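Engineer: Got a structure for you, written out below as structure tokens; questions coming shortly.
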Amino acid sequence: MPASANAYRSPDADSVAALHKLVLDSLDDDQAVDMISIPLAGKSSIADHMVIASGRSTRQVASMASKLAEKIKGKTGQTPRIEGLPTADWVLIDAGDVIVHLFRPEVRTFYNLERMWSFGDAPPAGNA
């Protein structure tokens, strides 16, 4: 694992919870579709939460990703790593403790990350 792989991870549970809430609130404000949050704490070392959501178009996915990245930088002072923004079919935002996947619906259906990553206990994001 590269030295920078977990550079943004926080040992502070309150900071992790605040970041998770910021992600969920931002995506909700931007009218993300079918948002879910999968708890990874204790199950994976990559992050404590994985949030998956869809946008109705590449323009909406790109807009949600850009706004979320700005909010994360404003809150944490760290610029999250972003992959896939130019095409915006699938955008990955690595905010350290929270990994965010934003998809166009067809791409999300094809990859079906929920099935791959859920451990049978992933509540809808609104109940997290």
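Each chain in the structure tokens gets a letter, A, B, ..., in the order shown, and its residues are numbered from 1; ligands are numbered from 1 in order too.
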Write out, as JSON lines, each residue of stretch 50-84 of chain A that has an atom at most 9 Å from stretch 30-41 of chain A, together with the closest pair of atoms and their distance in Å to one decimal, counting only C-alpha atoms, rows going by chain and rising number.
Structural biologist:
```
{"residue": "A:Met50", "atom": "CA", "partner": "A:Ile38", "partner_atom": "CA", "distance": 5.1}
{"residue": "A:Val51", "atom": "CA", "partner": "A:Ser37", "partner_atom": "CA", "distance": 4.4}
{"residue": "A:Ile52", "atom": "CA", "partner": "A:Ile36", "partner_atom": "CA", "distance": 5.4}
{"residue": "A:Ala53", "atom": "CA", "partner": "A:Met35", "partner_atom": "CA", "distance": 4.2}
{"residue": "A:Ser54", "atom": "CA", "partner": "A:Val33", "partner_atom": "CA", "distance": 4.9}
{"residue": "A:Gly55", "atom": "CA", "partner": "A:Ala32", "partner_atom": "CA", "distance": 5.5}
{"residue": "A:Arg56", "atom": "CA", "partner": "A:Val33", "partner_atom": "CA", "distance": 7.5}
{"residue": "A:Gln60", "atom": "CA", "partner": "A:Asp30", "partner_atom": "CA", "distance": 8.3}
{"residue": "A:Val61", "atom": "CA", "partner": "A:Ala32", "partner_atom": "CA", "distance": 8.4}
{"residue": "A:Ser63", "atom": "CA", "partner": "A:Asp30", "partner_atom": "CA", "distance": 8.4}
{"residue": "A:Met64", "atom": "CA", "partner": "A:Asp30", "partner_atom": "CA", "distance": 6.2}
{"residue": "A:Lys67", "atom": "CA", "partner": "A:Asp30", "partner_atom": "CA", "distance": 8.7}
```
Engineer: Neighbours of stretch 45-48 of chain A within 8 Å (only C-alpha atoms; same-chain residues fewer than 4 positions away dropped), as a list of chain:residue names?
Structural biologist: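 Returned residues: A:Asn6, A:Arg9, A:Val16, A:Pro39, A:Leu40, A:Ala41, A:Gly96, A:Asp97, A:Val98, A:Ile99.
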Engineer: Since we have the selection now, will you write its residues out, keeping C-alpha atoms, as a PDB file, in the first residue's frame?
Structural biologist:
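Output saved as selection-v4.pdb:
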```pdb
ATOM      1  CA  ASN A   6      -4.497   6.568   3.966  1.00  0.00           C
ATOM      2  CA  ARG A   9      -7.788   9.015   7.405  1.00  0.00           C
ATOM      3  CA  VAL A  16     -15.416  10.850  10.466  1.00  0.00           C
ATOM      4  CA  PRO A  39     -20.494   1.012   6.577  1.00  0.00           C
ATOM      5  CA  LEU A  40     -16.962  -0.297   6.138  1.00  0.00           C
ATOM      6  CA  ALA A  41     -15.519   0.368   9.604  1.00  0.00           C
ATOM      7  CA  GLY A  96     -10.068   9.412   3.128  1.00  0.00           C
ATOM      8  CA  ASP A  97     -12.616   8.173   5.648  1.00  0.00           C
ATOM      9  CA  VAL A  98     -15.448   8.340   3.130  1.00  0.00           C
ATOM     10  CA  ILE A  99     -15.256   6.997  -0.417  1.00  0.00           C
TER      11      ILE A  99
END
```
Engineer: Expressed in Å to a single decimal, how great is the separation between atom CA of A:Asp14 and atom CA of A:Lys75?
Structural biologist: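 Atom CA of A:Lys75 lies 13.2 Å from atom CA of A:Asp14.
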Engineer: Mind checking DSSP for chain A and telling me the strand (DSSP E or B) residues as number ranges by chain?
Structural biologist: A: 33-39, 49-54, 81-83, 90-94, 98-103, 124
Engineer: Counting only C-alpha atoms, which of A:Leu19, A:His101, A:Ala13, A:Arg59 gets nearest to A:Thr76?
Structural biologist: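 Between A:Leu19, A:His101, A:Ala13, A:Arg59, the residue approaching A:Thr76 most closely is A:Leu19.
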Engineer: So how far away is atom CA of A:Gly74 from atom CA of A:Val100, in Å?
Structural biologist: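 Interatomic distance here is 17.0 Å.
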Engineer: Counting only C-alpha atoms, which of A:Asn112, A:Ser26, A:Ser44, A:Thr87 gets nearest to A:Leu68?
Structural biologist: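 Answer, going by the shortest atom-to-atom distance: A:Ser26.
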Engineer: Using DSSP assignments from the backbone, pull out every residue in stretch 3-98 of chain A that falls under helix (DSSP H, G or I) and give it to me as a PyMOL selection string.
Structural biologist: chain A and resi 13-29+58-76
Engineer: Restrict the selected residues to N, CA and C atoms and save them as an mmCIF file, in the first residue's frame.
Structural biologist:
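Written file, selection.cif:
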```
data_model
loop_
_atom_site.group_PDB
_atom_site.id
_atom_site.type_symbol
_atom_site.label_atom_id
_atom_site.label_comp_id
_atom_site.auth_asym_id
_atom_site.auth_seq_id
_atom_site.Cartn_x
_atom_site.Cartn_y
_atom_site.Cartn_z
ATOM 1 N N ALA A 13 -13.483 9.759 15.678
ATOM 2 C CA ALA A 13 -14.810 9.308 15.239
ATOM 3 C C ALA A 13 -15.743 10.484 14.937
ATOM 4 N N ASP A 14 -15.626 11.573 15.684
ATOM 5 C CA ASP A 14 -16.486 12.736 15.433
ATOM 6 C C ASP A 14 -16.165 13.370 14.083
ATOM 7 N N SER A 15 -14.886 13.418 13.730
ATOM 8 C CA SER A 15 -14.498 13.972 12.431
ATOM 9 C C SER A 15 -15.000 13.101 11.292
ATOM 10 N N VAL A 16 -14.920 11.784 11.480
ATOM 11 C CA VAL A 16 -15.416 10.850 10.466
ATOM 12 C C VAL A 16 -16.923 11.024 10.298
ATOM 13 N N ALA A 17 -17.646 11.111 11.404
ATOM 14 C CA ALA A 17 -19.105 11.284 11.352
ATOM 15 C C ALA A 17 -19.475 12.606 10.692
ATOM 16 N N ALA A 18 -18.725 13.665 10.980
ATOM 17 C CA ALA A 18 -19.001 14.974 10.373
ATOM 18 C C ALA A 18 -18.757 14.935 8.867
ATOM 19 N N LEU A 19 -17.689 14.267 8.442
ATOM 20 C CA LEU A 19 -17.400 14.144 7.013
ATOM 21 C C LEU A 19 -18.489 13.319 6.317
ATOM 22 N N HIS A 20 -18.906 12.234 6.933
ATOM 23 C CA HIS A 20 -19.956 11.387 6.371
ATOM 24 C C HIS A 20 -21.249 12.197 6.212
ATOM 25 N N LYS A 21 -21.600 12.968 7.240
ATOM 26 C CA LYS A 21 -22.811 13.793 7.187
ATOM 27 C C LYS A 21 -22.689 14.858 6.095
ATOM 28 N N LEU A 22 -21.519 15.476 5.977
ATOM 29 C CA LEU A 22 -21.308 16.482 4.938
ATOM 30 C C LEU A 22 -21.535 15.880 3.553
ATOM 31 N N VAL A 23 -21.008 14.673 3.326
ATOM 32 C CA VAL A 23 -21.173 13.994 2.034
ATOM 33 C C VAL A 23 -22.651 13.729 1.773
ATOM 34 N N LEU A 24 -23.344 13.139 2.740
ATOM 35 C CA LEU A 24 -24.756 12.805 2.556
ATOM 36 C C LEU A 24 -25.603 14.061 2.334
ATOM 37 N N ASP A 25 -25.344 15.103 3.122
ATOM 38 C CA ASP A 25 -26.113 16.350 2.990
ATOM 39 C C ASP A 25 -25.867 17.016 1.635
ATOM 40 N N SER A 26 -24.611 17.034 1.195
ATOM 41 C CA SER A 26 -24.278 17.661 -0.085
ATOM 42 C C SER A 26 -24.978 16.936 -1.234
ATOM 43 N N LEU A 27 -24.904 15.610 -1.226
ATOM 44 C CA LEU A 27 -25.542 14.840 -2.303
ATOM 45 C C LEU A 27 -27.060 14.983 -2.258
ATOM 46 N N ASP A 28 -27.615 15.029 -1.059
ATOM 47 C CA ASP A 28 -29.059 15.229 -0.918
ATOM 48 C C ASP A 28 -29.462 16.604 -1.455
ATOM 49 N N ASP A 29 -28.681 17.632 -1.115
ATOM 50 C CA ASP A 29 -28.953 18.992 -1.608
ATOM 51 C C ASP A 29 -28.913 19.052 -3.136
ATOM 52 N N THR A 58 -24.619 13.044 -17.098
ATOM 53 C CA THR A 58 -23.197 13.294 -16.837
ATOM 54 C C THR A 58 -23.009 14.701 -16.264
ATOM 55 N N ARG A 59 -23.820 15.634 -16.715
ATOM 56 C CA ARG A 59 -23.706 17.011 -16.200
ATOM 57 C C ARG A 59 -24.018 17.060 -14.698
ATOM 58 N N GLN A 60 -25.076 16.347 -14.273
ATOM 59 C CA GLN A 60 -25.421 16.342 -12.849
ATOM 60 C C GLN A 60 -24.344 15.618 -12.036
ATOM 61 N N VAL A 61 -23.844 14.490 -12.538
ATOM 62 C CA VAL A 61 -22.790 13.751 -11.833
ATOM 63 C C VAL A 61 -21.561 14.643 -11.655
ATOM 64 N N ALA A 62 -21.140 15.315 -12.712
ATOM 65 C CA ALA A 62 -19.970 16.191 -12.644
ATOM 66 C C ALA A 62 -20.203 17.348 -11.669
ATOM 67 N N SER A 63 -21.384 17.928 -11.705
ATOM 68 C CA SER A 63 -21.708 19.030 -10.812
ATOM 69 C C SER A 63 -21.709 18.581 -9.347
ATOM 70 N N MET A 64 -22.328 17.440 -9.070
ATOM 71 C CA MET A 64 -22.354 16.924 -7.696
ATOM 72 C C MET A 64 -20.938 16.665 -7.200
ATOM 73 N N ALA A 65 -20.108 16.070 -8.050
ATOM 74 C CA ALA A 65 -18.732 15.752 -7.666
ATOM 75 C C ALA A 65 -17.926 17.017 -7.382
ATOM 76 N N SER A 66 -18.037 17.999 -8.248
ATOM 77 C CA SER A 66 -17.283 19.244 -8.071
ATOM 78 C C SER A 66 -17.703 19.972 -6.807
ATOM 79 N N LYS A 67 -19.006 20.084 -6.584
ATOM 80 C CA LYS A 67 -19.504 20.767 -5.383
ATOM 81 C C LYS A 67 -19.074 20.030 -4.123
ATOM 82 N N LEU A 68 -19.178 18.693 -4.151
ATOM 83 C CA LEU A 68 -18.788 17.903 -2.986
ATOM 84 C C LEU A 68 -17.303 18.069 -2.688
ATOM 85 N N ALA A 69 -16.473 18.037 -3.715
ATOM 86 C CA ALA A 69 -15.027 18.208 -3.517
ATOM 87 C C ALA A 69 -14.725 19.572 -2.897
ATOM 88 N N GLU A 70 -15.416 20.619 -3.355
ATOM 89 C CA GLU A 70 -15.214 21.957 -2.784
ATOM 90 C C GLU A 70 -15.615 21.996 -1.319
ATOM 91 N N LYS A 71 -16.746 21.362 -0.983
ATOM 92 C CA LYS A 71 -17.220 21.351 0.409
ATOM 93 C C LYS A 71 -16.267 20.577 1.304
ATOM 94 N N ILE A 72 -15.760 19.457 0.808
ATOM 95 C CA ILE A 72 -14.821 18.658 1.594
ATOM 96 C C ILE A 72 -13.544 19.449 1.846
ATOM 97 N N LYS A 73 -13.037 20.126 0.812
ATOM 98 C CA LYS A 73 -11.821 20.933 0.992
ATOM 99 C C LYS A 73 -12.075 22.062 1.988
ATOM 100 N N GLY A 74 -13.251 22.693 1.897
ATOM 101 C CA GLY A 74 -13.577 23.771 2.825
ATOM 102 C C GLY A 74 -13.681 23.299 4.261
ATOM 103 N N LYS A 75 -14.183 22.104 4.460
ATOM 104 C CA LYS A 75 -14.385 21.569 5.818
ATOM 105 C C LYS A 75 -13.100 20.991 6.403
ATOM 106 N N THR A 76 -12.342 20.253 5.571
ATOM 107 C CA THR A 76 -11.181 19.521 6.092
ATOM 108 C C THR A 76 -9.848 20.180 5.779
#
```
Engineer: Quick one: pull the distance between atom CA of A:Pro80 and atom CA of A:Leu92, Å, one decimal.
Structural biologist: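 Those two atoms sit 9.8 Å apart.
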